[in-house]
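Peer 1: I am sharing coords_16.pdb, which consists of PDB, C-alpha atoms and all ligand atoms:
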```pdb
ATOM      1  CA  MET A   1     125.228 101.239  88.403
ATOM      2  CA  PRO A   2     128.622  99.638  87.585
ATOM      3  CA  MET A   3     129.759  96.807  89.894
ATOM      4  CA  SER A   4     132.290  97.752  92.521
ATOM      5  CA  ARG A   5     135.824  96.428  92.137
ATOM      6  CA  ARG A   6     135.219  94.344  95.276
ATOM      7  CA  SER A   7     132.078  92.741  93.770
ATOM      8  CA  LEU A   8     133.896  92.008  90.502
ATOM      9  CA  LEU A   9     136.775  90.363  92.389
ATOM     10  CA  THR A  10     134.304  88.311  94.448
ATOM     11  CA  LEU A  11     132.499  87.207  91.273
ATOM     12  CA  ALA A  12     135.747  86.318  89.542
ATOM     13  CA  ALA A  13     136.886  84.307  92.555
ATOM     14  CA  ALA A  14     133.601  82.395  92.622
ATOM     15  CA  ALA A  15     133.808  81.663  88.895
ATOM     16  CA  ALA A  16     137.390  80.486  89.197
ATOM     17  CA  ALA A  17     136.392  78.094  91.973
ATOM     18  CA  SER A  18     133.512  76.632  89.933
ATOM     19  CA  PRO A  19     133.722  72.935  89.006
ATOM     20  CA  LEU A  20     133.622  73.836  85.329
ATOM     21  CA  ALA A  21     136.543  76.203  85.783
ATOM     22  CA  SER A  22     138.535  73.479  87.535
ATOM     23  CA  ALA A  23     137.725  71.015  84.753
ATOM     24  CA  LEU A  24     138.798  73.494  82.120
ATOM     25  CA  ALA A  25     141.930  74.181  84.113
ATOM     26  CA  GLN A  26     142.724  70.468  83.778
ATOM     27  CA  GLY A  27     142.349  70.863  79.994
ATOM     28  CA  MET A  28     139.106  68.902  80.007
ATOM     29  CA  PRO A  29     136.788  69.627  77.060
ATOM     30  CA  PRO A  30     133.606  71.415  78.174
ATOM     31  CA  LEU A  31     130.088  70.194  77.364
ATOM     32  CA  GLN A  32     127.617  72.944  76.641
ATOM     33  CA  ARG A  33     124.267  72.367  78.344
ATOM     34  CA  LYS A  34     121.590  71.693  75.714
ATOM     35  CA  ALA A  35     118.068  70.324  75.497
ATOM     36  CA  ASN A  36     119.367  67.389  73.455
ATOM     37  CA  TYR A  37     122.759  65.981  72.573
ATOM     38  CA  ARG A  38     124.366  63.990  69.801
ATOM     39  CA  VAL A  39     126.377  61.286  71.548
ATOM     40  CA  GLY A  40     128.642  58.533  70.291
ATOM     41  CA  PHE A  41     128.801  55.068  71.818
ATOM     42  CA  ALA A  42     131.832  53.023  70.715
ATOM     43  CA  GLN A  43     131.071  49.408  71.617
ATOM     44  CA  THR A  44     133.689  46.639  71.634
ATOM     45  CA  GLU A  45     131.641  43.849  69.972
ATOM     46  CA  SER A  46     128.179  42.242  70.006
ATOM     47  CA  ASN A  47     129.106  38.588  70.396
ATOM     48  CA  ASN A  48     127.583  37.980  73.803
ATOM     49  CA  PRO A  49     124.364  38.787  75.684
ATOM     50  CA  TRP A  50     126.201  41.124  78.071
ATOM     51  CA  ARG A  51     127.359  43.362  75.212
ATOM     52  CA  ILE A  52     123.916  43.314  73.610
ATOM     53  CA  ALA A  53     122.249  44.231  76.926
ATOM     54  CA  GLN A  54     124.657  47.117  77.424
ATOM     55  CA  THR A  55     124.023  48.492  73.934
ATOM     56  CA  ASP A  56     120.253  48.106  74.299
ATOM     57  CA  SER A  57     120.327  50.020  77.575
ATOM     58  CA  MET A  58     122.338  52.884  76.054
ATOM     59  CA  ARG A  59     120.212  53.088  72.916
ATOM     60  CA  SER A  60     116.934  52.977  74.863
ATOM     61  CA  GLU A  61     117.988  55.779  77.182
ATOM     62  CA  ALA A  62     119.111  57.961  74.273
ATOM     63  CA  GLN A  63     115.769  57.375  72.551
ATOM     64  CA  ARG A  64     113.836  58.077  75.747
ATOM     65  CA  ARG A  65     115.620  61.442  76.062
ATOM     66  CA  GLY A  66     115.403  62.307  72.369
ATOM     67  CA  ASP A  67     119.206  62.371  72.025
ATOM     68  CA  ALA A  68     120.884  61.415  68.742
ATOM     69  CA  PHE A  69     122.831  58.147  69.121
ATOM     70  CA  VAL A  70     125.870  57.435  66.918
ATOM     71  CA  TYR A  71     126.748  53.759  67.485
ATOM     72  CA  THR A  72     129.742  51.741  66.332
ATOM     73  CA  ASP A  73     130.656  48.069  66.875
ATOM     74  CA  ALA A  74     134.383  47.271  66.842
ATOM     75  CA  ALA A  75     133.775  43.556  66.111
ATOM     76  CA  ALA A  76     136.253  42.526  68.828
ATOM     77  CA  SER A  77     139.076  44.645  67.348
ATOM     78  CA  ALA A  78     140.795  47.283  69.487
ATOM     79  CA  ALA A  79     142.261  48.831  66.345
ATOM     80  CA  LYS A  80     138.821  49.168  64.783
ATOM     81  CA  GLN A  81     137.476  50.665  68.016
ATOM     82  CA  VAL A  82     140.169  53.378  67.810
ATOM     83  CA  ALA A  83     139.111  54.075  64.221
ATOM     84  CA  ASP A  84     135.478  54.149  65.319
ATOM     85  CA  VAL A  85     136.242  56.819  67.926
ATOM     86  CA  ASN A  86     138.158  58.841  65.353
ATOM     87  CA  SER A  87     135.124  58.707  63.059
ATOM     88  CA  MET A  88     132.951  60.059  65.875
ATOM     89  CA  ILE A  89     135.444  62.864  66.406
ATOM     90  CA  ALA A  90     135.223  63.711  62.689
ATOM     91  CA  GLN A  91     131.431  63.796  63.027
ATOM     92  CA  ARG A  92     131.838  66.290  65.904
ATOM     93  CA  VAL A  93     129.537  64.486  68.337
ATOM     94  CA  ASP A  94     128.978  66.327  71.634
ATOM     95  CA  LEU A  95     130.355  63.531  73.843
ATOM     96  CA  ILE A  96     131.695  59.988  73.393
ATOM     97  CA  PHE A  97     130.782  57.029  75.598
ATOM     98  CA  LEU A  98     133.583  54.477  75.217
ATOM     99  CA  ALA A  99     133.830  50.892  76.495
ATOM    100  CA  PRO A 100     137.582  50.416  75.841
ATOM    101  CA  ARG A 101     138.125  46.841  74.713
ATOM    102  CA  GLU A 102     141.698  46.735  76.049
ATOM    103  CA  GLU A 103     143.440  49.036  78.533
ATOM    104  CA  ARG A 104     146.407  50.255  76.453
ATOM    105  CA  PRO A 105     145.368  50.254  72.749
ATOM    106  CA  LEU A 106     142.437  52.586  73.450
ATOM    107  CA  VAL A 107     144.455  55.333  75.170
ATOM    108  CA  PRO A 108     145.184  57.104  71.821
ATOM    109  CA  ALA A 109     141.449  57.294  71.143
ATOM    110  CA  VAL A 110     140.803  58.953  74.505
ATOM    111  CA  MET A 111     143.596  61.471  73.925
ATOM    112  CA  ALA A 112     142.468  62.214  70.353
ATOM    113  CA  ALA A 113     138.976  63.081  71.612
ATOM    114  CA  LYS A 114     140.455  65.338  74.294
ATOM    115  CA  ARG A 115     142.606  67.148  71.717
ATOM    116  CA  ALA A 116     139.514  67.569  69.546
ATOM    117  CA  GLY A 117     137.653  69.141  72.470
ATOM    118  CA  ILE A 118     135.148  66.270  72.821
ATOM    119  CA  PRO A 119     134.613  64.876  76.346
ATOM    120  CA  VAL A 120     134.786  61.105  76.865
ATOM    121  CA  ILE A 121     133.034  59.043  79.525
ATOM    122  CA  LEU A 122     134.431  55.498  79.950
ATOM    123  CA  LEU A 123     131.782  52.820  80.463
ATOM    124  CA  ASP A 124     132.308  49.351  81.871
ATOM    125  CA  ARG A 125     136.072  49.065  81.248
ATOM    126  CA  ARG A 126     139.050  51.295  82.013
ATOM    127  CA  VAL A 127     142.094  52.434  80.051
ATOM    128  CA  ASP A 128     145.677  52.285  81.389
ATOM    129  CA  GLY A 129     145.792  54.648  84.373
ATOM    130  CA  ALA A 130     149.481  55.376  83.832
ATOM    131  CA  GLN A 131     148.623  57.023  80.500
ATOM    132  CA  ALA A 132     145.192  58.568  80.958
ATOM    133  CA  GLN A 133     143.461  59.883  84.064
ATOM    134  CA  PRO A 134     139.818  60.696  84.896
ATOM    135  CA  GLY A 135     139.236  64.402  85.477
ATOM    136  CA  ARG A 136     142.208  65.246  83.277
ATOM    137  CA  ASP A 137     141.898  63.181  80.072
ATOM    138  CA  TYR A 138     138.327  61.891  80.299
ATOM    139  CA  VAL A 139     135.380  62.820  82.490
ATOM    140  CA  THR A 140     135.021  59.642  84.562
ATOM    141  CA  PHE A 141     134.825  55.823  84.604
ATOM    142  CA  ILE A 142     131.372  54.353  85.161
ATOM    143  CA  GLY A 143     131.639  50.671  86.023
ATOM    144  CA  SER A 144     131.802  47.796  88.450
ATOM    145  CA  ASP A 145     134.557  46.915  90.887
ATOM    146  CA  PHE A 146     136.103  43.997  88.987
ATOM    147  CA  ILE A 147     138.664  43.224  91.695
ATOM    148  CA  ASP A 148     135.829  42.832  94.199
ATOM    149  CA  GLN A 149     133.934  40.635  91.728
ATOM    150  CA  GLY A 150     136.940  38.288  91.599
ATOM    151  CA  ARG A 151     137.211  38.326  95.379
ATOM    152  CA  ARG A 152     133.498  37.531  95.814
ATOM    153  CA  ALA A 153     133.747  34.621  93.368
ATOM    154  CA  ALA A 154     136.722  33.210  95.275
ATOM    155  CA  GLU A 155     135.029  33.719  98.647
ATOM    156  CA  TRP A 156     131.921  31.824  97.516
ATOM    157  CA  LEU A 157     134.015  29.015  95.994
ATOM    158  CA  ASP A 158     136.078  28.729  99.189
ATOM    159  CA  GLY A 159     132.899  28.049 101.152
ATOM    160  CA  ALA A 160     131.403  25.756  98.519
ATOM    161  CA  VAL A 161     134.456  23.454  98.403
ATOM    162  CA  ASN A 162     135.340  23.717 102.091
ATOM    163  CA  GLY A 163     138.613  25.416 101.265
ATOM    164  CA  SER A 164     139.977  22.714  98.980
ATOM    165  CA  ALA A 165     139.964  22.902  95.153
ATOM    166  CA  ARG A 166     142.165  22.481  92.105
ATOM    167  CA  ILE A 167     140.907  25.303  89.921
ATOM    168  CA  ILE A 168     140.868  25.887  86.165
ATOM    169  CA  GLU A 169     140.566  29.625  85.407
ATOM    170  CA  LEU A 170     139.037  30.842  82.147
ATOM    171  CA  GLN A 171     140.260  34.402  81.701
ATOM    172  CA  GLY A 172     138.474  37.157  79.798
ATOM    173  CA  THR A 173     139.843  39.228  76.924
ATOM    174  CA  THR A 174     143.625  39.571  77.264
ATOM    175  CA  GLY A 175     144.570  43.119  78.246
ATOM    176  CA  SER A 176     141.056  44.130  79.271
ATOM    177  CA  SER A 177     140.497  45.649  82.710
ATOM    178  CA  PRO A 178     137.834  43.078  83.718
ATOM    179  CA  ALA A 179     140.194  40.205  82.908
ATOM    180  CA  ASN A 180     143.140  41.825  84.696
ATOM    181  CA  ASP A 181     141.141  42.780  87.779
ATOM    182  CA  ARG A 182     138.987  39.657  88.086
ATOM    183  CA  ARG A 183     142.163  37.590  87.984
ATOM    184  CA  LYS A 184     143.757  39.796  90.656
ATOM    185  CA  GLY A 185     140.753  39.782  92.984
ATOM    186  CA  PHE A 186     140.442  35.993  92.822
ATOM    187  CA  ALA A 187     144.182  35.297  93.119
ATOM    188  CA  ASP A 188     144.646  37.676  96.048
ATOM    189  CA  TYR A 189     141.863  35.919  97.968
ATOM    190  CA  ILE A 190     143.096  32.353  97.420
ATOM    191  CA  ALA A 191     146.712  33.324  98.151
ATOM    192  CA  ALA A 192     145.810  32.996 101.833
ATOM    193  CA  LYS A 193     144.036  29.639 101.302
ATOM    194  CA  SER A 194     146.521  26.750 101.216
ATOM    195  CA  GLY A 195     143.928  24.304  99.884
ATOM    196  CA  MET A 196     142.845  26.480  96.933
ATOM    197  CA  ARG A 197     145.111  26.324  93.898
ATOM    198  CA  ILE A 198     144.782  27.453  90.257
ATOM    199  CA  VAL A 199     146.192  24.537  88.243
ATOM    200  CA  ALA A 200     145.699  26.183  84.826
ATOM    201  CA  SER A 201     144.629  29.582  83.487
ATOM    202  CA  GLN A 202     143.964  30.663  79.889
ATOM    203  CA  SER A 203     141.928  33.271  78.008
ATOM    204  CA  GLY A 204     138.651  32.374  76.333
ATOM    205  CA  ASP A 205     138.151  36.017  75.264
ATOM    206  CA  PHE A 206     134.778  36.208  77.081
ATOM    207  CA  VAL A 207     133.284  34.078  74.250
ATOM    208  CA  ARG A 208     131.157  30.926  74.920
ATOM    209  CA  ASP A 209     132.628  28.637  72.255
ATOM    210  CA  ARG A 210     136.185  29.757  72.943
ATOM    211  CA  GLY A 211     135.555  29.086  76.625
ATOM    212  CA  ARG A 212     134.344  25.602  75.758
ATOM    213  CA  GLN A 213     137.423  24.879  73.628
ATOM    214  CA  VAL A 214     139.834  26.156  76.279
ATOM    215  CA  ALA A 215     138.025  24.229  79.012
ATOM    216  CA  GLU A 216     138.230  21.032  76.941
ATOM    217  CA  ALA A 217     141.994  21.451  76.517
ATOM    218  CA  LEU A 218     142.633  22.327  80.166
ATOM    219  CA  LEU A 219     140.411  19.507  81.448
ATOM    220  CA  GLN A 220     142.365  17.129  79.213
ATOM    221  CA  ALA A 221     145.613  18.367  80.783
ATOM    222  CA  HIS A 222     144.193  18.526  84.311
ATOM    223  CA  PRO A 223     141.625  15.726  84.762
ATOM    224  CA  ASP A 224     141.991  16.181  88.537
ATOM    225  CA  ALA A 225     140.495  19.700  88.421
ATOM    226  CA  THR A 226     137.609  20.078  90.866
ATOM    227  CA  ALA A 227     136.486  23.647  90.121
ATOM    228  CA  ILE A 228     136.186  26.102  87.247
ATOM    229  CA  TYR A 229     136.362  29.898  87.719
ATOM    230  CA  ALA A 230     135.223  31.741  84.577
ATOM    231  CA  HIS A 231     135.630  35.516  84.188
ATOM    232  CA  ASN A 232     132.200  35.598  82.532
ATOM    233  CA  ASP A 233     129.059  33.477  82.231
ATOM    234  CA  GLU A 234     129.411  32.863  78.497
ATOM    235  CA  MET A 235     132.706  31.043  79.037
ATOM    236  CA  ALA A 236     131.270  29.268  82.102
ATOM    237  CA  VAL A 237     128.371  27.921  80.027
ATOM    238  CA  GLY A 238     130.888  26.777  77.426
ATOM    239  CA  ALA A 239     132.893  25.046  80.148
ATOM    240  CA  ILE A 240     129.768  23.259  81.404
ATOM    241  CA  ALA A 241     129.313  21.821  77.893
ATOM    242  CA  ALA A 242     132.961  20.723  77.899
ATOM    243  CA  LEU A 243     132.527  19.014  81.275
ATOM    244  CA  GLU A 244     129.431  17.128  80.144
ATOM    245  CA  ALA A 245     131.158  16.079  76.909
ATOM    246  CA  ARG A 246     133.792  14.411  79.091
ATOM    247  CA  GLY A 247     131.228  12.663  81.256
ATOM    248  CA  ARG A 248     131.917  14.972  84.203
ATOM    249  CA  ARG A 249     128.996  16.281  86.311
ATOM    250  CA  PRO A 250     129.099  20.115  86.614
ATOM    251  CA  GLY A 251     127.714  21.123  90.005
ATOM    252  CA  GLN A 252     128.470  17.703  91.444
ATOM    253  CA  ASP A 253     132.059  16.596  90.827
ATOM    254  CA  VAL A 254     133.178  19.971  89.455
ATOM    255  CA  THR A 255     132.088  23.280  91.016
ATOM    256  CA  VAL A 256     131.561  26.177  88.576
ATOM    257  CA  VAL A 257     131.646  29.852  89.624
ATOM    258  CA  SER A 258     131.423  32.860  87.306
ATOM    259  CA  ILE A 259     130.618  36.550  86.821
ATOM    260  CA  ASP A 260     127.947  38.564  84.926
ATOM    261  CA  GLY A 261     124.439  37.244  85.783
ATOM    262  CA  THR A 262     123.095  36.326  82.332
ATOM    263  CA  ARG A 263     119.874  34.382  81.840
ATOM    264  CA  SER A 264     121.868  31.304  80.735
ATOM    265  CA  ALA A 265     123.889  31.434  83.946
ATOM    266  CA  LEU A 266     120.838  31.771  86.187
ATOM    267  CA  GLN A 267     119.264  28.810  84.360
ATOM    268  CA  ALA A 268     122.453  26.786  84.894
ATOM    269  CA  ILE A 269     122.269  27.633  88.604
ATOM    270  CA  ILE A 270     118.617  26.539  88.727
ATOM    271  CA  ASP A 271     119.626  23.313  86.930
ATOM    272  CA  GLY A 272     122.344  22.703  89.538
ATOM    273  CA  LYS A 273     125.203  22.950  86.993
ATOM    274  CA  MET A 274     126.624  26.316  88.092
ATOM    275  CA  GLY A 275     127.088  27.253  91.731
ATOM    276  CA  ALA A 276     127.010  31.041  91.655
ATOM    277  CA  THR A 277     127.680  34.119  89.552
ATOM    278  CA  VAL A 278     128.635  37.626  90.694
ATOM    279  CA  GLU A 279     126.607  40.263  88.866
ATOM    280  CA  SER A 280     128.359  42.661  86.493
ATOM    281  CA  ASN A 281     125.441  44.919  85.644
ATOM    282  CA  PRO A 282     125.360  45.831  81.908
ATOM    283  CA  ARG A 283     122.450  48.269  82.085
ATOM    284  CA  PHE A 284     124.449  51.503  81.929
ATOM    285  CA  GLY A 285     121.980  53.717  80.047
ATOM    286  CA  PRO A 286     120.331  55.779  82.815
ATOM    287  CA  LYS A 287     123.537  56.253  84.823
ATOM    288  CA  ALA A 288     125.573  57.128  81.720
ATOM    289  CA  PHE A 289     123.252  59.906  80.589
ATOM    290  CA  GLU A 290     122.699  61.156  84.153
ATOM    291  CA  THR A 291     126.476  61.565  84.385
ATOM    292  CA  LEU A 292     126.505  63.443  81.072
ATOM    293  CA  ASP A 293     123.893  65.842  82.454
ATOM    294  CA  ARG A 294     125.894  66.367  85.646
ATOM    295  CA  TYR A 295     129.016  67.205  83.628
ATOM    296  CA  ALA A 296     127.101  69.594  81.353
ATOM    297  CA  ALA A 297     125.668  71.312  84.447
ATOM    298  CA  GLY A 298     129.219  72.011  85.620
ATOM    299  CA  GLU A 299     129.135  69.554  88.523
ATOM    300  CA  THR A 300     132.347  67.963  89.743
ATOM    301  CA  VAL A 301     131.916  64.324  88.674
ATOM    302  CA  GLU A 302     133.708  61.760  90.849
ATOM    303  CA  HIS A 303     136.503  59.895  89.043
ATOM    304  CA  TRP A 304     134.722  56.551  89.451
ATOM    305  CA  VAL A 305     130.951  56.272  89.285
ATOM    306  CA  LYS A 306     130.678  52.813  90.827
ATOM    307  CA  VAL A 307     128.028  50.365  89.595
ATOM    308  CA  PRO A 308     126.678  48.118  92.405
ATOM    309  CA  ASP A 309     126.523  44.382  91.687
ATOM    310  CA  ARG A 310     124.245  41.736  93.208
ATOM    311  CA  PHE A 311     125.099  38.033  93.737
ATOM    312  CA  PHE A 312     123.179  35.091  92.269
ATOM    313  CA  ASP A 313     123.102  31.537  93.630
ATOM    314  CA  ARG A 314     120.522  28.794  94.249
ATOM    315  CA  ASN A 315     118.820  30.974  96.851
ATOM    316  CA  ASN A 316     117.683  33.679  94.386
ATOM    317  CA  ALA A 317     118.287  32.549  90.764
ATOM    318  CA  ALA A 318     114.721  31.293  90.177
ATOM    319  CA  GLN A 319     113.267  34.476  91.677
ATOM    320  CA  LEU A 320     115.463  36.818  89.567
ATOM    321  CA  ILE A 321     115.779  35.026  86.203
ATOM    322  CA  GLY A 322     112.732  36.873  84.855
ATOM    323  CA  ASP A 323     114.678  40.146  84.733
ATOM    324  CA  ALA A 324     117.900  38.600  83.396
ATOM    325  CA  TYR A 325     119.255  39.305  79.888
TER     326      TYR A 325
HETATM  327  C1  LIG B 401     132.270  43.546  82.265
HETATM  328  C2  LIG B 401     132.349  43.485  80.762
HETATM  329  C3  LIG B 401     132.643  42.102  80.309
HETATM  330  C4  LIG B 401     131.603  41.091  80.710
HETATM  331  C5  LIG B 401     131.683  40.176  79.546
HETATM  332  O1  LIG B 401     131.941  44.831  82.658
HETATM  333  O2  LIG B 401     133.417  44.322  80.298
HETATM  334  O3  LIG B 401     132.686  42.132  78.902
HETATM  335  O4  LIG B 401     131.883  40.480  81.925
HETATM  336  C6  LIG B 401     131.740  41.189  78.416
HETATM  337  O5  LIG B 401     130.609  39.306  79.444
HETATM  338  O6  LIG B 401     132.167  40.657  77.222
END
```
Kindly present the structure from the file in structure tokens form.

Peer 2:
Amino acid sequence: MPMSRRSLLTLAAAAAASPLASALAQGMPPLQRKANYRVGFAQTESNNPWRIAQTDSMRSEAQRRGDAFVYTDAAASAAKQVADVNSMIAQRVDLIFLAPREERPLVPAVMAAKRAGIPVILLDRRVDGAQAQPGRDYVTFIGSDFIDQGRRAAEWLDGAVNGSARIIELQGTTGSSPANDRRKGFADYIAAKSGMRIVASQSGDFVRDRGRQVAEALLQAHPDATAIYAHNDEMAVGAIAALEARGRRPGQDVTVVSIDGTRSALQAIIDGKMGATVESNPRFGPKAFETLDRYAAGETVEHWVKVPDRFFDRNNAAQLIGDAY
């Protein structure tokens, strides 16, 4: 018996209201639900334990599910990362996970995937929100709240130094969302603290040895510095080496605070050389693929799938170092 006109209209209205329909209406590429997928993961580089932990988590989850995993490493080059995404588009993967090295240079890669009808999920870092939007140009951003990480680092430091410090800041990769936001979160907090002042700030590109070199130069220029705020643990560990090379005592006459939660950082906390580090959890695998499944099922995925971050200091570093990367 043919459906009544009323039933057809009701069905059409329901379909039009479906999350998938709204995504398509935004021009978002669909993802057909399948038993297994062929996904791309365009990584920024592999020059620090955080990056390696993130890649391991993604690869392990793909293997656990039986999904094909197309991996590229941009070797710290935004331009190469754009080329890597374009190669994944040419290979017609089902979906691309992208950790955009820098906010603006990676926008063209996101838009190229959209034009090619391949959905993108951003992991860990964002692209420039003025040029590309979640729900319209890519599915969603899965990652930490970097502004809050900066705020938490500043809040801990404030208490540790009783509100008085001359701070050297080691910034992350120039133009990356973690560097931009961690700087903002920290600066906004200390703006209200008259005794807390950043005396020098420079990028160490999230790399240990670069962080050491920059710390050496800034300590030379600012021997009166009493605290170091590093945007990641690798640079903080480099700064600790720089302090010791100058005969300074990290954890005693200079307070060090950082972000990530690597094994080296937790060991430095146990050794009394680092005061605290705010976690930036790199283990994206399960959440990334769960989000893929939600999108394929036609669910409305929130524009920011927030990753919760713990806090490590002398009260819990020894207890938690066993699970650190
Ligand atoms: C943060 C991530 C940063 C880490 C660094 O989510 O983008 O990049 O903090 C890593 O260690 O290089």

Peer 1: Which residues sit within 6 Å of ligand LIG 401 (chain B), counting only C-alpha atoms and all ligand atoms, listed as a tab-separated table (two decimals) with C-alpha atoms, in the frame of the given file?

Peer 2:
```
chain	number	residue	atom	x	y	z
A	50	TRP	CA	126.20	41.12	78.07
A	51	ARG	CA	127.36	43.36	75.21
A	124	ASP	CA	132.31	49.35	81.87
A	125	ARG	CA	136.07	49.06	81.25
A	178	PRO	CA	137.83	43.08	83.72
A	206	PHE	CA	134.78	36.21	77.08
A	232	ASN	CA	132.20	35.60	82.53
A	260	ASP	CA	127.95	38.56	84.93
A	280	SER	CA	128.36	42.66	86.49
```

Peer 1: Restricting the calculation to all atoms listed in the file, which member of A:Ala75, A:Val207, A:Val139, A:Ala62 is positioned closest to Leu123 (chain A)?

Peer 2: A:Val139

Peer 1: Which residues, protein or nucleic acid, reach to within 7 Å of (130.5, 30.6, 91.4) in the file's coordinates when using all atoms listed in the file, and can you give that as an NGL selection string?

Peer 2: :A and (153 or 156-157 or 229 or 256-258 or 274-277)

Peer 1: Work out how far CA of Glu302 (chain A) is from CA of Gln131 (chain A), in Å to one decimal.

Peer 2: 18.8 Å

Peer 1: Just give me the residues with any atom within 9 Å of (138.7, 37.8, 97.5), file coordinates, counting only C-alpha atoms, written as a ChimeraX atom specification.

Peer 2: /A:147-155,184-190

Peer 1: Using only C-alpha atoms, can you tell me which of A:Ser201, A:Gln91, A:Gln43, A:Ser264 comes closest to Leu170 (chain A)?

Peer 2: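 When distances to Leu170 (chain A) are compared using only C-alpha atoms, the smallest one comes from A:Ser201.
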
Peer 1: Check which residues satisfy the PyMOL selection byres (((chain A and resi 57) around 9) and not hetatm) in the file shown, then give them as a list of chain:residue names.

Peer 2: A:Ile52, A:Ala53, A:Gln54, A:Thr55, A:Asp56, A:Met58, A:Arg59, A:Ser60, A:Glu61, A:Ala62, A:Pro282, A:Arg283, A:Phe284, A:Gly285, A:Pro286

Peer 1: Hey, which of A:Gln171, A:Ala113, A:Asn47, A:Phe289 ends up closest to Arg65 (chain A)? Count only C-alpha atoms.

Peer 2: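 Closest residue, counting only C-alpha atoms: A:Phe289.
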
Peer 1: Which polymer residues have any atom within 12 Å of an atom of Gln133 (chain A), counting all atoms listed in the file, with same-chain residues fewer than 4 positions away left out, as an MDAnalysis selection string?

Peer 2: chainID A and resid 26:28 107 110:111 114 120:122 126:129 137:141 303:304

Peer 1: Would you mind completing region 53-58 of chain A so that it carries all heavy atoms, and writing it out as a tab-separated table (two decimals), keeping the file's coordinate frame?

Peer 2:
```
chain	number	residue	atom	x	y	z
A	53	ALA	N	123.05	43.58	75.87
A	53	ALA	CA	122.25	44.23	76.93
A	53	ALA	C	122.76	45.64	77.20
A	53	ALA	O	121.98	46.58	77.39
A	53	ALA	CB	122.29	43.39	78.20
A	54	GLN	N	124.09	45.79	77.19
A	54	GLN	CA	124.66	47.12	77.42
A	54	GLN	C	124.25	48.09	76.31
A	54	GLN	O	123.80	49.20	76.57
A	54	GLN	CB	126.19	47.05	77.52
A	54	GLN	CG	126.83	48.38	77.87
A	54	GLN	CD	128.35	48.37	77.78
A	54	GLN	OE1	128.92	47.77	76.86
A	54	GLN	NE2	128.99	49.04	78.72
A	55	THR	N	124.38	47.64	75.07
A	55	THR	CA	124.02	48.49	73.93
A	55	THR	C	122.53	48.85	73.96
A	55	THR	O	122.15	50.00	73.77
A	55	THR	CB	124.38	47.78	72.61
A	55	THR	OG1	125.79	47.57	72.57
A	55	THR	CG2	123.96	48.62	71.42
A	56	ASP	N	121.70	47.85	74.24
A	56	ASP	CA	120.25	48.11	74.30
A	56	ASP	C	119.92	49.16	75.34
A	56	ASP	O	119.10	50.05	75.13
A	56	ASP	CB	119.48	46.81	74.61
A	56	ASP	CG	119.50	45.82	73.45
A	56	ASP	OD1	119.94	46.23	72.34
A	56	ASP	OD2	119.11	44.66	73.65
A	57	SER	N	120.59	49.07	76.48
A	57	SER	CA	120.33	50.02	77.58
A	57	SER	C	120.73	51.44	77.16
A	57	SER	O	119.99	52.40	77.42
A	57	SER	CB	121.11	49.59	78.82
A	57	SER	OG	120.97	50.53	79.86
A	58	MET	N	121.87	51.57	76.50
A	58	MET	CA	122.34	52.88	76.05
A	58	MET	C	121.41	53.45	74.99
A	58	MET	O	121.00	54.61	75.05
A	58	MET	CB	123.77	52.77	75.52
A	58	MET	CG	124.81	52.47	76.58
A	58	MET	SD	124.98	53.80	77.80
A	58	MET	CE	125.74	55.06	76.77
```
